[in-house]
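Text of start.txt, listed as compact mmCIF, C-alpha atoms and all ligand atoms:
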```txt
# COMPACT_ATOMS: atom_id res chain seq x y z
CA MET A 1 -39.01 4.90 28.02
CA ILE A 2 -41.84 7.48 27.99
CA ILE A 3 -40.57 8.98 24.72
CA ALA A 4 -40.38 5.52 23.19
CA ILE A 5 -43.96 4.71 24.17
CA ALA A 6 -45.17 8.07 22.88
CA ARG A 7 -43.54 7.29 19.53
CA LEU A 8 -45.15 3.86 19.48
CA GLN A 9 -48.57 5.54 19.80
CA ASN A 10 -48.13 6.79 16.24
CA TYR A 11 -47.88 3.26 14.92
CA ARG A 12 -50.66 1.67 16.89
CA ASN A 13 -53.07 1.50 13.94
CA CYS A 14 -50.62 -0.22 11.66
CA SER A 15 -51.57 -3.94 11.36
CA LEU A 16 -47.93 -5.03 11.15
CA PHE A 17 -47.31 -3.29 14.42
CA ARG A 18 -50.53 -4.51 16.06
CA ASN A 19 -49.41 -8.13 15.62
CA SER A 20 -45.92 -7.51 16.92
CA LYS A 21 -44.45 -8.18 20.37
CA LEU A 22 -43.90 -4.46 20.78
CA PHE A 23 -47.68 -3.90 20.62
CA GLN A 24 -48.24 -6.64 23.21
CA PHE A 25 -45.73 -4.88 25.45
CA ARG A 26 -47.47 -1.54 25.02
CA GLY A 27 -50.82 -3.22 25.79
CA ASN A 28 -49.47 -4.61 29.06
CA PHE A 29 -48.06 -1.23 29.99
CA ALA A 30 -51.44 0.40 29.32
CA MET A 31 -53.21 -2.21 31.45
CA ALA A 32 -51.11 -1.23 34.45
CA SER A 33 -52.66 2.25 34.46
CA SER A 34 -56.16 1.29 33.35
CA MET A 35 -59.25 0.49 35.38
CA LYS A 36 -62.73 -0.96 35.16
CA ALA A 37 -65.66 1.42 35.38
CA ILE A 38 -69.33 1.83 34.54
CA GLN A 39 -69.69 4.64 32.06
CA ILE A 40 -72.59 6.25 30.22
CA LYS A 41 -72.15 7.88 26.83
CA ASN A 42 -75.88 8.53 26.36
CA THR A 43 -78.80 8.72 28.76
CA GLY A 44 -81.57 6.16 28.85
CA GLY A 45 -82.48 2.78 30.30
CA VAL A 46 -80.02 0.37 31.93
CA GLU A 47 -78.67 -0.53 28.48
CA VAL A 48 -76.65 2.72 28.52
CA LEU A 49 -74.59 1.45 31.48
CA GLU A 50 -71.39 0.29 29.80
CA HIS A 51 -68.65 -1.71 31.43
CA VAL A 52 -65.45 -0.07 30.16
CA ILE A 53 -61.71 -0.28 30.64
CA ILE A 54 -60.36 3.26 30.75
CA GLU A 55 -57.37 5.15 32.01
CA ARG A 56 -57.10 5.60 35.75
CA PRO A 57 -57.65 9.15 36.99
CA LYS A 58 -54.58 11.02 38.15
CA ILE A 59 -54.00 13.64 40.81
CA THR A 60 -54.10 17.06 39.14
CA GLY A 61 -55.49 19.37 41.83
CA LEU A 62 -54.18 20.43 45.22
CA THR A 63 -57.16 18.94 47.09
CA ASP A 64 -57.44 15.72 45.05
CA VAL A 65 -57.55 12.38 46.82
CA LEU A 66 -57.06 9.28 44.66
CA VAL A 67 -59.03 6.43 46.22
CA LYS A 68 -58.80 2.76 45.28
CA ASN A 69 -62.45 1.90 45.76
CA HIS A 70 -63.48 -1.26 47.58
CA PHE A 71 -67.20 -0.45 47.54
CA ALA A 72 -69.47 2.08 45.85
CA GLY A 73 -72.92 2.91 47.19
CA VAL A 74 -75.86 2.70 44.78
CA ASN A 75 -78.33 5.58 45.17
CA PHE A 76 -81.51 6.57 43.40
CA ILE A 77 -79.70 9.64 42.07
CA ASP A 78 -77.55 7.28 39.96
CA THR A 79 -80.69 6.29 38.07
CA TYR A 80 -81.57 9.98 37.51
CA HIS A 81 -78.08 10.56 36.07
CA ARG A 82 -78.45 7.49 33.88
CA SER A 83 -81.95 8.42 32.66
CA GLY A 84 -81.08 12.08 32.09
CA LEU A 85 -83.49 13.47 34.70
CA TYR A 86 -80.41 15.08 36.28
CA LYS A 87 -77.86 16.24 33.70
CA LEU A 88 -74.22 15.12 33.58
CA SER A 89 -71.71 16.08 30.93
CA LEU A 90 -71.07 12.94 28.92
CA PRO A 91 -69.36 10.56 28.77
CA ALA A 92 -69.49 10.10 32.53
CA ILE A 93 -68.76 7.47 35.12
CA ILE A 94 -71.77 7.39 37.38
CA GLY A 95 -71.99 6.88 41.18
CA ARG A 96 -71.90 9.43 43.98
CA GLU A 97 -70.21 7.73 46.94
CA GLY A 98 -67.57 5.15 47.69
CA ALA A 99 -65.20 3.78 50.28
CA GLY A 100 -61.68 2.47 49.85
CA VAL A 101 -57.99 3.03 50.48
CA VAL A 102 -56.13 6.23 49.58
CA GLU A 103 -53.47 5.75 46.87
CA ALA A 104 -52.21 9.33 46.56
CA VAL A 105 -53.10 12.88 47.57
CA GLY A 106 -52.60 16.37 46.14
CA ASP A 107 -50.03 18.73 47.66
CA GLY A 108 -52.69 20.71 49.53
CA VAL A 109 -54.10 17.71 51.42
CA LYS A 110 -52.77 17.61 54.96
CA ASP A 111 -54.92 15.30 57.06
CA ILE A 112 -55.41 12.36 54.67
CA ARG A 113 -52.48 10.11 53.75
CA PRO A 114 -51.92 7.19 51.34
CA GLY A 115 -53.07 3.99 53.05
CA ASP A 116 -55.91 5.68 54.98
CA HIS A 117 -59.31 3.99 54.87
CA VAL A 118 -61.77 6.62 53.67
CA VAL A 119 -65.34 7.16 52.59
CA TYR A 120 -66.43 10.01 50.36
CA VAL A 121 -69.25 11.78 48.54
CA SER A 122 -68.00 12.50 45.03
CA PRO A 123 -68.91 11.82 41.39
CA SER A 124 -67.61 8.82 39.43
CA SER A 125 -67.58 6.14 42.11
CA TYR A 126 -68.68 3.18 39.92
CA ALA A 127 -65.01 2.59 39.15
CA GLU A 128 -61.90 0.97 40.57
CA PHE A 129 -60.37 4.39 41.22
CA THR A 130 -61.92 7.79 41.90
CA ILE A 131 -60.53 11.25 42.45
CA ALA A 132 -62.49 12.81 45.30
CA ASN A 133 -62.15 16.30 46.70
CA SER A 134 -60.55 16.09 50.16
CA LYS A 135 -63.30 18.41 51.43
CA LYS A 136 -65.79 15.56 50.95
CA VAL A 137 -63.55 12.70 52.13
CA ALA A 138 -63.74 11.34 55.68
CA LYS A 139 -61.53 8.82 57.40
CA VAL A 140 -63.47 5.69 58.29
CA PRO A 141 -63.67 5.58 62.07
CA ASP A 142 -62.38 2.57 64.03
CA GLY A 143 -65.01 -0.09 64.35
CA LEU A 144 -66.64 0.66 61.00
CA ASP A 145 -65.59 -1.42 57.99
CA LEU A 146 -65.35 -0.09 54.44
CA LYS A 147 -68.54 -1.80 53.32
CA LEU A 148 -70.65 -0.32 56.09
CA ALA A 149 -68.99 3.05 55.55
CA ALA A 150 -69.95 3.02 51.85
CA ALA A 151 -73.46 1.91 52.79
CA SER A 152 -74.01 4.63 55.34
CA LEU A 153 -72.59 7.93 54.13
CA LEU A 154 -74.84 9.46 51.45
CA GLN A 155 -78.18 8.11 52.65
CA GLY A 156 -77.18 8.52 56.32
CA LEU A 157 -76.21 12.16 55.81
CA THR A 158 -79.41 12.76 53.85
CA ALA A 159 -81.62 11.35 56.59
CA TRP A 160 -79.61 13.22 59.24
CA VAL A 161 -79.83 16.67 57.62
CA MET A 162 -83.51 16.13 56.79
CA ILE A 163 -84.46 15.56 60.44
CA THR A 164 -82.13 18.21 61.89
CA GLN A 165 -82.27 20.95 59.26
CA SER A 166 -85.04 20.57 56.65
CA TYR A 167 -87.61 20.04 59.38
CA GLU A 168 -86.28 19.75 62.92
CA VAL A 169 -88.16 16.80 64.38
CA LYS A 170 -89.40 17.28 67.94
CA LYS A 171 -90.56 14.88 70.63
CA ASP A 172 -94.20 13.84 70.20
CA ASP A 173 -94.40 15.12 66.59
CA TRP A 174 -96.38 13.04 64.14
CA ILE A 175 -94.22 12.38 61.07
CA LEU A 176 -95.18 10.69 57.78
CA ILE A 177 -92.34 8.94 55.92
CA HIS A 178 -92.98 7.62 52.42
CA ALA A 179 -91.13 4.54 51.11
CA ALA A 180 -90.31 3.77 54.74
CA ALA A 181 -88.47 0.53 53.92
CA GLY A 182 -86.18 2.10 51.31
CA GLY A 183 -82.57 3.12 51.79
CA VAL A 184 -83.21 6.62 53.11
CA GLY A 185 -86.62 5.58 54.45
CA LEU A 186 -85.33 3.00 56.95
CA LEU A 187 -82.79 5.52 58.27
CA LEU A 188 -85.42 8.27 58.60
CA VAL A 189 -87.73 5.92 60.50
CA GLN A 190 -85.01 5.13 63.06
CA LEU A 191 -83.79 8.71 63.45
CA VAL A 192 -87.29 10.17 63.79
CA LYS A 193 -88.19 7.47 66.32
CA ASN A 194 -85.00 8.29 68.27
CA CYS A 195 -86.25 11.89 68.58
CA GLY A 196 -89.29 10.62 70.46
CA ALA A 197 -91.66 11.38 67.59
CA HIS A 198 -94.41 9.11 66.20
CA VAL A 199 -93.67 7.56 62.81
CA ILE A 200 -96.29 6.72 60.22
CA GLY A 201 -94.65 4.98 57.27
CA THR A 202 -95.94 4.12 53.82
CA VAL A 203 -94.78 1.02 51.89
CA SER A 204 -95.99 -1.05 48.93
CA ASN A 205 -96.06 -4.56 50.41
CA ASP A 206 -96.25 -6.60 53.62
CA GLU A 207 -92.58 -7.56 53.70
CA LYS A 208 -91.60 -3.89 53.57
CA ALA A 209 -94.21 -3.15 56.24
CA LYS A 210 -92.58 -5.63 58.65
CA LEU A 211 -89.17 -4.12 58.08
CA ALA A 212 -90.36 -0.54 58.66
CA ILE A 213 -92.14 -1.61 61.86
CA SER A 214 -88.99 -3.34 63.11
CA ALA A 215 -87.09 -0.08 62.42
CA GLY A 216 -89.51 1.82 64.67
CA ALA A 217 -92.58 2.83 62.66
CA GLU A 218 -95.64 2.97 64.91
CA HIS A 219 -98.13 2.79 62.06
CA ILE A 220 -97.70 1.48 58.54
CA ILE A 221 -99.94 2.23 55.58
CA ASN A 222 -99.71 0.04 52.49
CA TYR A 223 -100.25 2.62 49.76
CA SER A 224 -100.90 -0.12 47.19
CA ASN A 225 -104.25 -0.91 48.77
CA GLN A 226 -105.02 1.65 51.50
CA ASN A 227 -106.06 5.31 51.31
CA VAL A 228 -103.14 7.18 52.87
CA VAL A 229 -105.02 10.40 53.67
CA ASP A 230 -107.91 8.53 55.37
CA GLU A 231 -105.48 6.46 57.41
CA VAL A 232 -103.34 9.40 58.46
CA MET A 233 -106.41 11.38 59.53
CA ARG A 234 -107.76 8.38 61.47
CA ILE A 235 -104.44 7.87 63.27
CA THR A 236 -103.97 11.57 64.11
CA ASP A 237 -107.57 12.37 65.18
CA ASN A 238 -108.15 14.32 61.96
CA LYS A 239 -105.29 16.72 62.67
CA GLY A 240 -102.76 15.47 60.12
CA VAL A 241 -99.00 15.23 60.63
CA HIS A 242 -96.46 17.88 61.60
CA ALA A 243 -94.14 16.95 58.74
CA ILE A 244 -93.89 14.66 55.74
CA TYR A 245 -90.65 13.30 54.29
CA ASP A 246 -91.47 12.50 50.67
CA GLY A 247 -88.81 10.92 48.46
CA VAL A 248 -91.38 9.32 46.14
CA GLY A 249 -92.31 12.59 44.40
CA LYS A 250 -94.91 12.66 41.64
CA ASP A 251 -97.19 9.87 42.88
CA THR A 252 -97.37 11.00 46.51
CA PHE A 253 -97.09 14.81 46.37
CA GLU A 254 -100.82 15.56 46.50
CA THR A 255 -101.34 12.94 49.21
CA SER A 256 -98.52 14.49 51.21
CA LEU A 257 -100.09 17.96 51.01
CA ALA A 258 -103.40 16.54 52.17
CA CYS A 259 -101.78 14.75 55.13
CA ALA A 260 -100.12 17.87 56.53
CA ARG A 261 -101.73 19.56 59.52
CA ARG A 262 -102.17 23.34 59.77
CA LEU A 263 -98.66 24.93 59.98
CA GLY A 264 -97.15 21.63 58.83
CA SER A 265 -94.05 21.06 56.67
CA LEU A 266 -93.70 19.04 53.49
CA ILE A 267 -90.14 18.03 52.76
CA SER A 268 -90.14 16.81 49.17
CA PHE A 269 -86.66 15.39 48.69
CA GLY A 270 -86.83 12.99 45.78
CA ASN A 271 -88.44 11.74 42.54
CA ALA A 272 -88.50 7.93 42.79
CA SER A 273 -91.85 7.88 40.93
CA GLY A 274 -91.04 10.92 38.75
CA LYS A 275 -90.71 14.70 39.05
CA VAL A 276 -93.33 16.65 40.99
CA PRO A 277 -95.23 18.75 38.40
CA PRO A 278 -95.38 22.56 38.61
CA PHE A 279 -97.26 23.72 41.69
CA GLU A 280 -99.48 26.72 42.53
CA ILE A 281 -97.80 28.34 45.54
CA LEU A 282 -101.06 29.90 46.74
CA ARG A 283 -102.25 26.43 47.74
CA LEU A 284 -99.86 26.53 50.69
CA SER A 285 -101.99 29.24 52.29
CA GLU A 286 -104.86 26.76 52.83
CA LYS A 287 -103.00 25.48 55.92
CA ASN A 288 -100.00 27.88 56.11
CA LEU A 289 -97.76 25.04 55.02
CA LYS A 290 -94.02 25.11 54.52
CA LEU A 291 -92.81 23.33 51.40
CA MET A 292 -89.15 22.54 50.90
CA ARG A 293 -87.22 20.77 48.13
CA PRO A 294 -83.81 20.17 49.72
CA THR A 295 -80.71 18.38 48.45
CA LEU A 296 -77.95 16.92 50.58
CA ASN A 297 -75.27 18.81 48.65
CA ASN A 298 -76.54 22.18 49.81
CA TYR A 299 -76.20 21.07 53.44
CA ILE A 300 -72.63 19.79 53.04
CA GLU A 301 -71.37 22.44 50.63
CA THR A 302 -68.46 23.56 52.83
CA GLU A 303 -65.81 21.33 54.34
CA GLU A 304 -66.92 22.41 57.80
CA GLU A 305 -70.53 21.42 57.11
CA PHE A 306 -69.45 18.05 55.67
CA ARG A 307 -67.14 17.28 58.62
CA LYS A 308 -69.73 18.28 61.23
CA SER A 309 -72.58 16.23 59.75
CA THR A 310 -70.31 13.25 59.04
CA ALA A 311 -68.94 13.25 62.60
CA GLU A 312 -72.50 13.40 63.98
CA LEU A 313 -73.59 10.54 61.70
CA PHE A 314 -70.63 8.33 62.63
CA THR A 315 -71.24 8.98 66.33
CA ILE A 316 -74.86 7.85 66.02
CA ILE A 317 -73.79 4.72 64.14
CA LYS A 318 -71.06 3.89 66.67
CA GLU A 319 -73.51 4.37 69.53
CA GLY A 320 -75.68 1.69 67.92
CA LYS A 321 -78.57 4.10 67.31
CA LEU A 322 -78.67 3.61 63.55
CA ASP A 323 -78.76 0.18 61.98
CA ILE A 324 -77.65 0.21 58.32
CA LYS A 325 -79.35 -2.60 56.43
CA ILE A 326 -77.54 -3.75 53.30
CA TRP A 327 -80.02 -5.31 50.88
CA LYS A 328 -77.45 -6.77 48.50
CA THR A 329 -73.85 -6.45 47.37
CA TYR A 330 -73.52 -6.58 43.57
CA LYS A 331 -70.43 -7.02 41.41
CA LEU A 332 -69.49 -3.95 39.36
CA ASN A 333 -70.54 -5.95 36.27
CA ASP A 334 -74.03 -6.24 37.74
CA ALA A 335 -74.67 -2.50 38.03
CA LYS A 336 -77.49 -2.87 35.47
CA GLN A 337 -79.23 -5.39 37.70
CA ALA A 338 -78.79 -3.12 40.73
CA HIS A 339 -80.54 -0.29 38.84
CA LEU A 340 -83.33 -2.61 37.68
CA ASP A 341 -83.91 -3.86 41.22
CA LEU A 342 -83.90 -0.35 42.72
CA GLU A 343 -86.22 1.16 40.11
CA GLY A 344 -88.38 -1.98 40.16
CA ARG A 345 -89.15 -1.40 43.89
CA LYS A 346 -87.65 -4.82 44.69
CA THR A 347 -85.18 -3.61 47.28
CA THR A 348 -85.15 -2.52 50.91
CA GLY A 349 -82.27 -0.72 52.60
CA LYS A 350 -78.95 -0.17 50.82
CA LEU A 351 -77.49 -1.51 47.58
CA ILE A 352 -73.71 -1.73 47.25
CA LEU A 353 -71.30 -2.43 44.40
CA LYS A 354 -68.13 -4.36 45.20
CA LEU A 355 -65.10 -3.29 43.15
N1 LIG B 1 -82.50 15.33 48.17
C1 LIG B 1 -81.42 14.61 48.38
O1 LIG B 1 -80.34 15.15 48.62
C2 LIG B 1 -81.50 13.13 48.36
C3 LIG B 1 -80.45 12.32 48.79
C4 LIG B 1 -80.60 10.95 48.78
C5 LIG B 1 -81.77 10.38 48.31
N2 LIG B 1 -82.76 11.20 47.85
C6 LIG B 1 -84.04 10.65 47.35
O2 LIG B 1 -84.56 9.79 48.31
C7 LIG B 1 -85.40 8.85 47.65
C8 LIG B 1 -85.03 7.48 48.14
O3 LIG B 1 -83.74 7.15 47.64
P1 LIG B 1 -83.10 5.73 47.96
O4 LIG B 1 -81.83 5.67 47.22
O5 LIG B 1 -83.12 5.51 49.42
O6 LIG B 1 -84.15 4.74 47.25
P2 LIG B 1 -85.15 3.72 47.94
O7 LIG B 1 -86.05 4.45 48.88
O8 LIG B 1 -84.40 2.57 48.47
O9 LIG B 1 -85.98 3.23 46.70
C9 LIG B 1 -87.07 3.97 46.25
C10 LIG B 1 -88.40 3.50 46.86
O10 LIG B 1 -89.40 4.40 46.46
C11 LIG B 1 -90.63 3.74 46.42
N3 LIG B 1 -91.34 4.05 45.17
C12 LIG B 1 -92.59 4.53 45.10
N4 LIG B 1 -92.96 4.67 43.82
C13 LIG B 1 -91.93 4.28 43.06
C14 LIG B 1 -91.74 4.19 41.66
N5 LIG B 1 -92.69 4.54 40.78
N6 LIG B 1 -90.56 3.73 41.22
C15 LIG B 1 -89.59 3.38 42.07
N7 LIG B 1 -89.71 3.45 43.42
C16 LIG B 1 -90.89 3.89 43.91
C17 LIG B 1 -90.35 2.23 46.51
O11 LIG B 1 -90.73 1.81 47.82
P3 LIG B 1 -92.20 1.13 47.97
O12 LIG B 1 -92.17 -0.10 47.12
O13 LIG B 1 -92.36 0.84 49.40
O14 LIG B 1 -93.17 2.15 47.45
C18 LIG B 1 -88.84 2.15 46.33
O15 LIG B 1 -88.30 1.05 47.02
C19 LIG B 1 -85.18 9.04 46.16
O16 LIG B 1 -86.21 9.85 45.62
C20 LIG B 1 -83.88 9.82 46.11
O17 LIG B 1 -83.76 10.60 44.97
C21 LIG B 1 -82.65 12.54 47.87
```
Could the structure of this file be written out as structure tokens, please?
Amino acid sequence: MIIAIARLQNYRNCSLFRNSKLFQFRGNFAMASSMKAIQIKNTGGVEVLEHVIIERPKITGLTDVLVKNHFAGVNFIDTYHRSGLYKLSLPAIIGREGAGVVEAVGDGVKDIRPGDHVVYVSPSSYAEFTIANSKKVAKVPDGLDLKLAAASLLQGLTAWVMITQSYEVKKDDWILIHAAAGGVGLLLVQLVKNCGAHVIGTVSNDEKAKLAISAGAEHIINYSNQNVVDEVMRITDNKGVHAIYDGVGKDTFETSLACARRLGSLISFGNASGKVPPFEILRLSEKNLKLMRPTLNNYIETEEEFRKSTAELFTIIKEGKLDIKIWKTYKLNDAKQAHLDLEGRKTTGKLILKL
């Protein structure tokens, strides 16, 4: 059968053959091992997101896990991959996290079996099937459904490592969180509040302000019409904050520096408004500031690190200490709209694609 199909490949461009029943048969056979995905061949605006039918990935490595995705999380990093701010080798299926059911595993995978419900951090999740490395695949704990699992992993881990490792938040700290009603923002607000620290959040409109306050922000500054530095200094008796979590980047970097107190920390972890321009390191000496530009990947590089942080995150979620707000669930076909909404600052909380 396989030999016969391989021979038929040679004739597939012949028009006589294309109209024949044999070609129809081959087409049906191909469909059985194909899948829908969102692929980019070039970088650019949302127009480069192409809905394609391509061959399903296959297990080739010892630690491969083939997952039939039910949901893929949408993250700001997907827009950086699409725009070219972060480089991918092309063509590429974008997406960095998903949740679904295991179809098959490589010979070296011991603790994950076909049929398991899993969630993972791995490239190429805007697709019906993804090969993930077992080192970054976690079983979905009882009580958590696949949708919530996909909504919580990447942003939840990011917020968790930021508050425990990038700057360890302490009781009574004053913390400034930019884009406090965003995906990572809403999680940071809750986690920082849970530490007994004071949260000052920034947002761009009143609806986002309400949401950030309901998540635990003590003070909200609308950076569309208020001066953030003045407000932070007023709230903190002119001392400034102990730490700033800044995922907005270019537009807020200078403000963030100005809001830090002496010996403070600026955790610059994203570029939603664009890349932070080159910076004169000597400026940190004005207040003996610490400046960090962390990425989640460097905190979950090893399997042990991934498992530890994931277990801690799931425990917090199961204890009801972290509410994951899903803004909207989009069809895979609507990935363009999801990117437009996220980049257009229309969203709050998490965006999800349903496969
Ligand atoms: N370092 C890491 O490992 C890591 C991991 C995950 C996420 N991140 C970063 O965390 C940040 C948040 O990611 P997310 O997925 O949770 O997104 P998000 O916060 O849900 O969306 C971005 C938010 O940024 C604010 N924003 C300010 N200026 C903007 C502009 N010019 N364009 C677009 N948005 C602007 C908007 O909130 P307002 O309307 O309230 O201003 C917007 O809703 C991103 O920078 C992302 O790259 C980093």
(request) Would you mind reading off the distance between CA of Asp64 in chain A and CA of Glu128 in chain A, one decimal, in Å? (result) 16.0 Å
(request) Using only C-alpha atoms and all ligand atoms, find the one residue out of A:Gly182, A:Gly320, A:Gly274, A:Pro141 that sits nearest to ligand LIG 1 (chain B). (result)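 Ranked by minimum distance to ligand LIG 1 (chain B), first place goes to A:Gly182.
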(request) Residues within 7 Å of ligand LIG 1 (chain B), counting only C-alpha atoms and all ligand atoms: report them as a VMD selection string. (result) chain A and resid 75 to 77 154 to 155 158 179 to 185 202 to 205 208 247 to 249 251 269 to 274 294 to 297 342 to 350
Preceding selection exported with C-alpha atoms as a short mmCIF file (atom, residue, chain, number, x, y, z; two decimals), in the coordinates of the input:
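The result, stored in again_3.cif:
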```
data_model
loop_
_atom_site.label_atom_id
_atom_site.label_comp_id
_atom_site.auth_asym_id
_atom_site.auth_seq_id
_atom_site.Cartn_x
_atom_site.Cartn_y
_atom_site.Cartn_z
CA ASN A 75 -78.33 5.58 45.17
CA PHE A 76 -81.51 6.57 43.40
CA ILE A 77 -79.70 9.64 42.07
CA LEU A 154 -74.84 9.46 51.45
CA GLN A 155 -78.18 8.11 52.65
CA THR A 158 -79.41 12.76 53.85
CA ALA A 179 -91.13 4.54 51.11
CA ALA A 180 -90.31 3.77 54.74
CA ALA A 181 -88.47 0.53 53.92
CA GLY A 182 -86.18 2.10 51.31
CA GLY A 183 -82.57 3.12 51.79
CA VAL A 184 -83.21 6.62 53.11
CA GLY A 185 -86.62 5.58 54.45
CA THR A 202 -95.94 4.12 53.82
CA VAL A 203 -94.78 1.02 51.89
CA SER A 204 -95.99 -1.05 48.93
CA ASN A 205 -96.06 -4.56 50.41
CA LYS A 208 -91.60 -3.89 53.57
CA GLY A 247 -88.81 10.92 48.46
CA VAL A 248 -91.38 9.32 46.14
CA GLY A 249 -92.31 12.59 44.40
CA ASP A 251 -97.19 9.87 42.88
CA PHE A 269 -86.66 15.39 48.69
CA GLY A 270 -86.83 12.99 45.78
CA ASN A 271 -88.44 11.74 42.54
CA ALA A 272 -88.50 7.93 42.79
CA SER A 273 -91.85 7.88 40.93
CA GLY A 274 -91.04 10.92 38.75
CA PRO A 294 -83.81 20.17 49.72
CA THR A 295 -80.71 18.38 48.45
CA LEU A 296 -77.95 16.92 50.58
CA ASN A 297 -75.27 18.81 48.65
CA LEU A 342 -83.90 -0.35 42.72
CA GLU A 343 -86.22 1.16 40.11
CA GLY A 344 -88.38 -1.98 40.16
CA ARG A 345 -89.15 -1.40 43.89
CA LYS A 346 -87.65 -4.82 44.69
CA THR A 347 -85.18 -3.61 47.28
CA THR A 348 -85.15 -2.52 50.91
CA GLY A 349 -82.27 -0.72 52.60
CA LYS A 350 -78.95 -0.17 50.82
#
```
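All residues of protein, DNA or RNA that reach within 10 Å of range 161-167 of chain A, judged by all atoms listed in the file and not counting those fewer than 6 positions away in the chain, are Leu188, Leu191, Val192, Cys195, His242, Ala243, Ile244, Tyr245, Gly264, Ser265, Leu266, Ile267, Ser268, Phe269, Lys290, Leu291, Met292, Arg293, Pro294, Thr295, Leu296, Tyr299, Ile300, Ser309 and Leu313 of chain A.
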Include C-alpha atoms and write out the residues we just selected as a CSV table (one decimal), in the coordinates of the input.
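Wrote part39.csv, looks like this:
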```csv
chain,number,residue,atom,x,y,z
A,188,LEU,CA,-85.4,8.3,58.6
A,191,LEU,CA,-83.8,8.7,63.4
A,192,VAL,CA,-87.3,10.2,63.8
A,195,CYS,CA,-86.2,11.9,68.6
A,242,HIS,CA,-96.5,17.9,61.6
A,243,ALA,CA,-94.1,17.0,58.7
A,244,ILE,CA,-93.9,14.7,55.7
A,245,TYR,CA,-90.6,13.3,54.3
A,264,GLY,CA,-97.2,21.6,58.8
A,265,SER,CA,-94.0,21.1,56.7
A,266,LEU,CA,-93.7,19.0,53.5
A,267,ILE,CA,-90.1,18.0,52.8
A,268,SER,CA,-90.1,16.8,49.2
A,269,PHE,CA,-86.7,15.4,48.7
A,290,LYS,CA,-94.0,25.1,54.5
A,291,LEU,CA,-92.8,23.3,51.4
A,292,MET,CA,-89.2,22.5,50.9
A,293,ARG,CA,-87.2,20.8,48.1
A,294,PRO,CA,-83.8,20.2,49.7
A,295,THR,CA,-80.7,18.4,48.4
A,296,LEU,CA,-78.0,16.9,50.6
A,299,TYR,CA,-76.2,21.1,53.4
A,300,ILE,CA,-72.6,19.8,53.0
A,309,SER,CA,-72.6,16.2,59.8
A,313,LEU,CA,-73.6,10.5,61.7
```
(request) Find, counting all atoms listed in the file, the residue in A:Val109, A:Ile38, A:Val189, A:Leu148 that gets nearest to Thr329 in chain A. (result)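 The answer is A:Leu148, which sits nearest to Thr329 in chain A.
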(request) Work out how far CA of Asp230 in chain A is from CA of Leu284 in chain A, in Å to one decimal. (result)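 CA of Asp230 in chain A lies 20.3 Å from CA of Leu284 in chain A.
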(request) Have a look at A:Lys336, A:Lys36, A:Lys135, A:Arg261 and name the one nearest to Thr302 in chain A; count only C-alpha atoms. (result) A:Lys135
(request) Mind giving me the straight-line distance from CA of Ala258 in chain A to CA of Gly201 in chain A in Å, one decimal? (result)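 A separation of 15.4 Å between them.
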Would you pick out the contacts of Thr79 in chain A at 12 Å or less, using only C-alpha atoms, so that residues sharing its chain but fewer than 6 positions from it are not included, and give the list as a compact mmCIF listing (two decimals) with C-alpha atoms, in the coordinates of the input?
```txt
# COMPACT_ATOMS: atom_id res chain seq x y z
CA ILE A 40 -72.59 6.25 30.22
CA THR A 43 -78.80 8.72 28.76
CA GLY A 44 -81.57 6.16 28.85
CA GLY A 45 -82.48 2.78 30.30
CA VAL A 46 -80.02 0.37 31.93
CA GLU A 47 -78.67 -0.53 28.48
CA VAL A 48 -76.65 2.72 28.52
CA LEU A 49 -74.59 1.45 31.48
CA LEU A 85 -83.49 13.47 34.70
CA TYR A 86 -80.41 15.08 36.28
CA LYS A 87 -77.86 16.24 33.70
CA LEU A 88 -74.22 15.12 33.58
CA ILE A 94 -71.77 7.39 37.38
CA GLY A 95 -71.99 6.88 41.18
CA ARG A 96 -71.90 9.43 43.98
CA GLY A 270 -86.83 12.99 45.78
CA ASN A 271 -88.44 11.74 42.54
CA ALA A 272 -88.50 7.93 42.79
CA SER A 273 -91.85 7.88 40.93
CA GLY A 274 -91.04 10.92 38.75
CA ALA A 335 -74.67 -2.50 38.03
CA LYS A 336 -77.49 -2.87 35.47
CA GLN A 337 -79.23 -5.39 37.70
CA ALA A 338 -78.79 -3.12 40.73
CA HIS A 339 -80.54 -0.29 38.84
CA LEU A 340 -83.33 -2.61 37.68
CA ASP A 341 -83.91 -3.86 41.22
CA LEU A 342 -83.90 -0.35 42.72
CA GLU A 343 -86.22 1.16 40.11
CA GLY A 344 -88.38 -1.98 40.16
```
(request) Find the residue from A:Val101, A:Ile235, A:Ile352, A:Leu157 that sits nearest to Lys308 in chain A; use only C-alpha atoms when measuring. (result) A:Leu157
(message) I'd like to know which of A:Asn42, A:Tyr223, A:Ile281, A:Lys139 is closest to Ser83 in chain A, using all atoms listed in the file.
(response)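 Ranked by minimum distance to Ser83 in chain A, first place goes to A:Asn42.
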(message) Which residues are near Gly216 in chain A? Cut-off 9 Å, only C-alpha atoms, ignore same chain within fewer than 2 positions. Put them as a list of chain:residue names.
(response)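 Returned residues: A:Leu186, A:Val189, A:Gln190, A:Val192, A:Lys193, A:Asn194, A:His198, A:Val199, A:Leu211, A:Ala212, A:Ile213, A:Ser214, A:Glu218.
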(message) Nearest residue to Gly108 in chain A out of A:Gly156, A:Gly61, A:Gly143, A:Gly196, using all atoms listed in the file?
(response)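 Ranked by minimum distance to Gly108 in chain A, first place goes to A:Gly61.
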(request) Using all atoms listed in the file, collect all residues at a distance of at most 10 Å from (-98.3, 14.6, 43.1) as written in the file, then present them as a VMD selection string. (result) chain A and resid 248 to 257 273 to 279
